[in-house]
Amino acid sequence: MTQAIASILPFAVGIMVSPIPIVAVILMLFTKRATSNGPAFLVGWVMGLSLLAVVGYGAASLLGWGDGSDASSTEVTWWRVALGVVLLVLAFRKWRKATEPDHVDEMPRWMADIDQLAPGKAFGLALLLSSVNPKNLALGLGAMTSLATLGAPSDAVVVGIVAFVVVASLSVAAAVVYRLVGGEKAQRSLETMQGWLKTHNDAVMAVLLLVFGVLLVSQGLGG
């Protein structure tokens with residue numbers, strides 16, 4: 001079980017520290033519907049990551065990537081390299097954007113309408129952000145590929161998937177809980193965090209994508 005957790009941990013941390021969902025949930029926590037939108041976003045985030053993990057692990061298992069054969073090892077090698085290259089390309093684009101003269105980090109346009117969202121739409125937004133956006137998709141598939149190649153028993157697999165979802169959800173969960181129980185102090189702290197993440201979003205994302213792109217390529221070539 002320890003090996004299963006170790007295999008998914010780097011990828012889960014990469015999702016956990018991603019700026020966009022943290023900024024999104026903080027924005028929701030300052031709306032009139034904070035007490036309903038915040039928890040709805042958290043539930044959607046957890047369910048989206050769970051869906052990504054289950055589908056990703058299931059696909060890797062169906063492809064036979066845990067059978068230890070030379071053919072499956074070769075497939076896993078190139079799959080990891082391909083995912084890593086995708087992240088490296090995204091990292092280059094983010095870094096080039098972050099280093100442009102007079103660069104200003106811009107949040108996605110959909111964030112402007114967050115204060116008008118109902119709980120159902122907050123849930124749906126989190127579901128999409130957690131399972132469909134390219135960075136989470138690449139990191140989630142990387143984690144599940146690593147888990148599948150262990151050939152671990154089913155109980156260890158369940159522990160690995162649960163650990164992935166829990167760790168990847170910590171930042172969103174912490175923001176929701178802190179805002180709901182922390183009062184004005186929490187509001188000031190979250191506003192400061194939100195401002196910093198907005199200002200440095202592209203640079204932070206470039207570094208994260210670079211680190212995990214290199215990790216996936218090195219895992220692939222090492223395999």
# chains A, B, ... in the order shown; residues from 1 in each chain; ligands from 1

$ residues_around --residues "Val25 of chain A" --least-positions-apart "2" --cutoff "8 Å" --atoms "only C-alpha atoms" --output "PDB file with N, CA and C atoms, in the first residue's frame"
ATOM      1  N   PRO A  21      -8.009  26.331  -9.759  1.00  0.00           N
ATOM      2  CA  PRO A  21      -9.124  25.918  -8.894  1.00  0.00           C
ATOM      3  C   PRO A  21      -9.122  26.615  -7.550  1.00  0.00           C
ATOM      4  N   ILE A  22      -7.934  26.943  -7.026  1.00  0.00           N
ATOM      5  CA  ILE A  22      -7.872  27.642  -5.743  1.00  0.00           C
ATOM      6  C   ILE A  22      -8.479  29.036  -5.877  1.00  0.00           C
ATOM      7  N   VAL A  23      -8.097  29.740  -6.945  1.00  0.00           N
ATOM      8  CA  VAL A  23      -8.669  31.070  -7.189  1.00  0.00           C
ATOM      9  C   VAL A  23     -10.173  30.971  -7.388  1.00  0.00           C
ATOM     10  N   LEU A  27     -13.014  32.752  -5.040  1.00  0.00           N
ATOM     11  CA  LEU A  27     -14.002  33.699  -5.577  1.00  0.00           C
ATOM     12  C   LEU A  27     -15.412  33.306  -5.162  1.00  0.00           C
ATOM     13  N   MET A  28     -15.698  32.012  -5.196  1.00  0.00           N
ATOM     14  CA  MET A  28     -17.030  31.544  -4.796  1.00  0.00           C
ATOM     15  C   MET A  28     -17.287  31.783  -3.316  1.00  0.00           C
ATOM     16  N   LEU A  29     -16.221  31.718  -2.529  1.00  0.00           N
ATOM     17  CA  LEU A  29     -16.382  31.865  -1.086  1.00  0.00           C
ATOM     18  C   LEU A  29     -16.605  33.311  -0.666  1.00  0.00           C
ATOM     19  N   GLY A  38     -19.466  26.986  -2.042  1.00  0.00           N
ATOM     20  CA  GLY A  38     -18.172  26.431  -1.662  1.00  0.00           C
ATOM     21  C   GLY A  38     -18.215  24.919  -1.493  1.00  0.00           C
ATOM     22  N   PHE A  41     -18.833  23.183  -4.840  1.00  0.00           N
ATOM     23  CA  PHE A  41     -17.618  23.139  -5.659  1.00  0.00           C
ATOM     24  C   PHE A  41     -16.696  22.027  -5.176  1.00  0.00           C
ATOM     25  N   VAL A 172      -8.404  22.814  -2.141  1.00  0.00           N
ATOM     26  CA  VAL A 172      -9.785  23.269  -2.283  1.00  0.00           C
ATOM     27  C   VAL A 172     -10.546  23.065  -0.980  1.00  0.00           C
ATOM     28  N   ALA A 175      -9.474  25.607   1.702  1.00  0.00           N
ATOM     29  CA  ALA A 175     -10.021  26.946   1.468  1.00  0.00           C
ATOM     30  C   ALA A 175     -11.477  27.026   1.907  1.00  0.00           C
ATOM     31  N   VAL A 176     -12.270  25.999   1.567  1.00  0.00           N
ATOM     32  CA  VAL A 176     -13.688  25.997   1.921  1.00  0.00           C
ATOM     33  C   VAL A 176     -13.870  25.969   3.435  1.00  0.00           C
TER      34      VAL A 176
END

$ residues_around --residues "Glu191 of chain A" --least-positions-apart "4" --cutoff "10 Å" --atoms "only C-alpha atoms" --output "ChimeraX atom specification"
/A:23,26-27,30,185-187,195-197

$ residues_around --residues "Met205 of chain A" --least-positions-apart "4" --cutoff "8 Å" --atoms "only C-alpha atoms" --output "list of chain:residue names"
A:Ser18, A:Pro19, A:Ala91, A:Lys94, A:Asn201, A:Leu209

$ select_by_dssp --residues "segment 10-212 of chain A" --states "helix (DSSP H, G or I)" --output "count of residues only"
170

$ atom_distance --atom1 "atom CA of Pro10 of chain A" --atom2 "atom CA of Val166 of chain A"
12.9 Å

$ closest_residue --among "A:Leu190, A:Leu208, A:Leu90, A:Val159" --to "Val177 of chain A" --atoms "only C-alpha atoms"
A:Leu190

$ closest_residue --among "A:Trp95, A:Ile15, A:Ser154, A:Gly142" --to "Trp45 of chain A" --atoms "only C-alpha atoms"
A:Ile15

$ residues_around --residues "Val214 of chain A" --least-positions-apart "2" --cutoff "12 Å" --atoms "only C-alpha atoms" --output "ChimeraX atom specification"
/A:80-89,91,207-212,216-222

$ residues_around --residues "Ala118 of chain A" --least-positions-apart "5" --cutoff "10 Å" --atoms "only C-alpha atoms" --output "short mmCIF file (atom, residue, chain, number, x, y, z; two decimals) with N, CA and C atoms, in the first residue's frame"
data_model
loop_
_atom_site.label_atom_id
_atom_site.label_comp_id
_atom_site.auth_asym_id
_atom_site.auth_seq_id
_atom_site.Cartn_x
_atom_site.Cartn_y
_atom_site.Cartn_z
N ARG A 33 -23.66 33.38 -1.96
CA ARG A 33 -24.01 31.96 -1.79
C ARG A 33 -22.80 31.14 -1.33
N SER A 36 -23.19 27.67 0.30
CA SER A 36 -23.68 26.56 -0.53
C SER A 36 -22.76 26.31 -1.72
N ASN A 37 -22.25 27.38 -2.34
CA ASN A 37 -21.39 27.22 -3.52
C ASN A 37 -20.04 26.59 -3.18
N ALA A 40 -20.48 22.89 -2.63
CA ALA A 40 -20.88 22.28 -3.91
C ALA A 40 -19.68 22.15 -4.83
N PHE A 123 -21.05 23.09 -8.80
CA PHE A 123 -20.72 21.67 -8.82
C PHE A 123 -20.23 21.25 -10.21
#

$ atom_distance --atom1 "atom CA of Gln3 of chain A" --atom2 "atom CA of Ser131 of chain A"
24.2 Å

$ atom_distance --atom1 "atom CA of Gly58 of chain A" --atom2 "atom CA of Ala126 of chain A"
22.3 Å

$ closest_residue --among "A:Trp65, A:Phe11, A:Phe164, A:Phe92" --to "Val46 of chain A" --atoms "only C-alpha atoms"
A:Phe164

$ closest_residue --among "A:Ala148, A:Ala174, A:Ile114, A:Val167" --to "Val55 of chain A" --atoms "only C-alpha atoms"
A:Ala148

$ closest_residue --among "A:Leu215, A:Leu49, A:Ser171, A:Met111" --to "Val17 of chain A" --atoms "only C-alpha atoms"
A:Ser171

$ residues_around --residues "Ala53 of chain A" --least-positions-apart "5" --cutoff "7 Å" --atoms "only C-alpha atoms" --output "list in words"
Gly140, Met144 and Ile161 of chain A

$ write_last_selection --atoms "N, CA and C atoms" --output "mmCIF file, in the first residue's frame"
data_model
loop_
_atom_site.group_PDB
_atom_site.id
_atom_site.type_symbol
_atom_site.label_atom_id
_atom_site.label_comp_id
_atom_site.auth_asym_id
_atom_site.auth_seq_id
_atom_site.Cartn_x
_atom_site.Cartn_y
_atom_site.Cartn_z
ATOM 1 N N GLY A 140 -3.442 13.244 -13.853
ATOM 2 C CA GLY A 140 -4.265 12.134 -13.383
ATOM 3 C C GLY A 140 -3.952 10.842 -14.121
ATOM 4 N N MET A 144 -2.368 7.354 -12.547
ATOM 5 C CA MET A 144 -3.020 6.056 -12.673
ATOM 6 C C MET A 144 -2.181 5.066 -13.490
ATOM 7 N N ILE A 161 -5.987 5.092 -5.159
ATOM 8 C CA ILE A 161 -6.961 5.996 -5.784
ATOM 9 C C ILE A 161 -7.524 6.970 -4.748
#

$ residues_around --residues "Thr149 of chain A" --least-positions-apart "6" --cutoff "12 Å" --atoms "only C-alpha atoms" --output "ChimeraX atom specification"
/A:3-4,7-8,57-69,72-77,80,142-143,157,219-220,223

$ closest_residue --among "A:Leu129, A:Ala98, A:Thr35, A:Met16" --to "Thr199 of chain A" --atoms "only C-alpha atoms"
A:Ala98
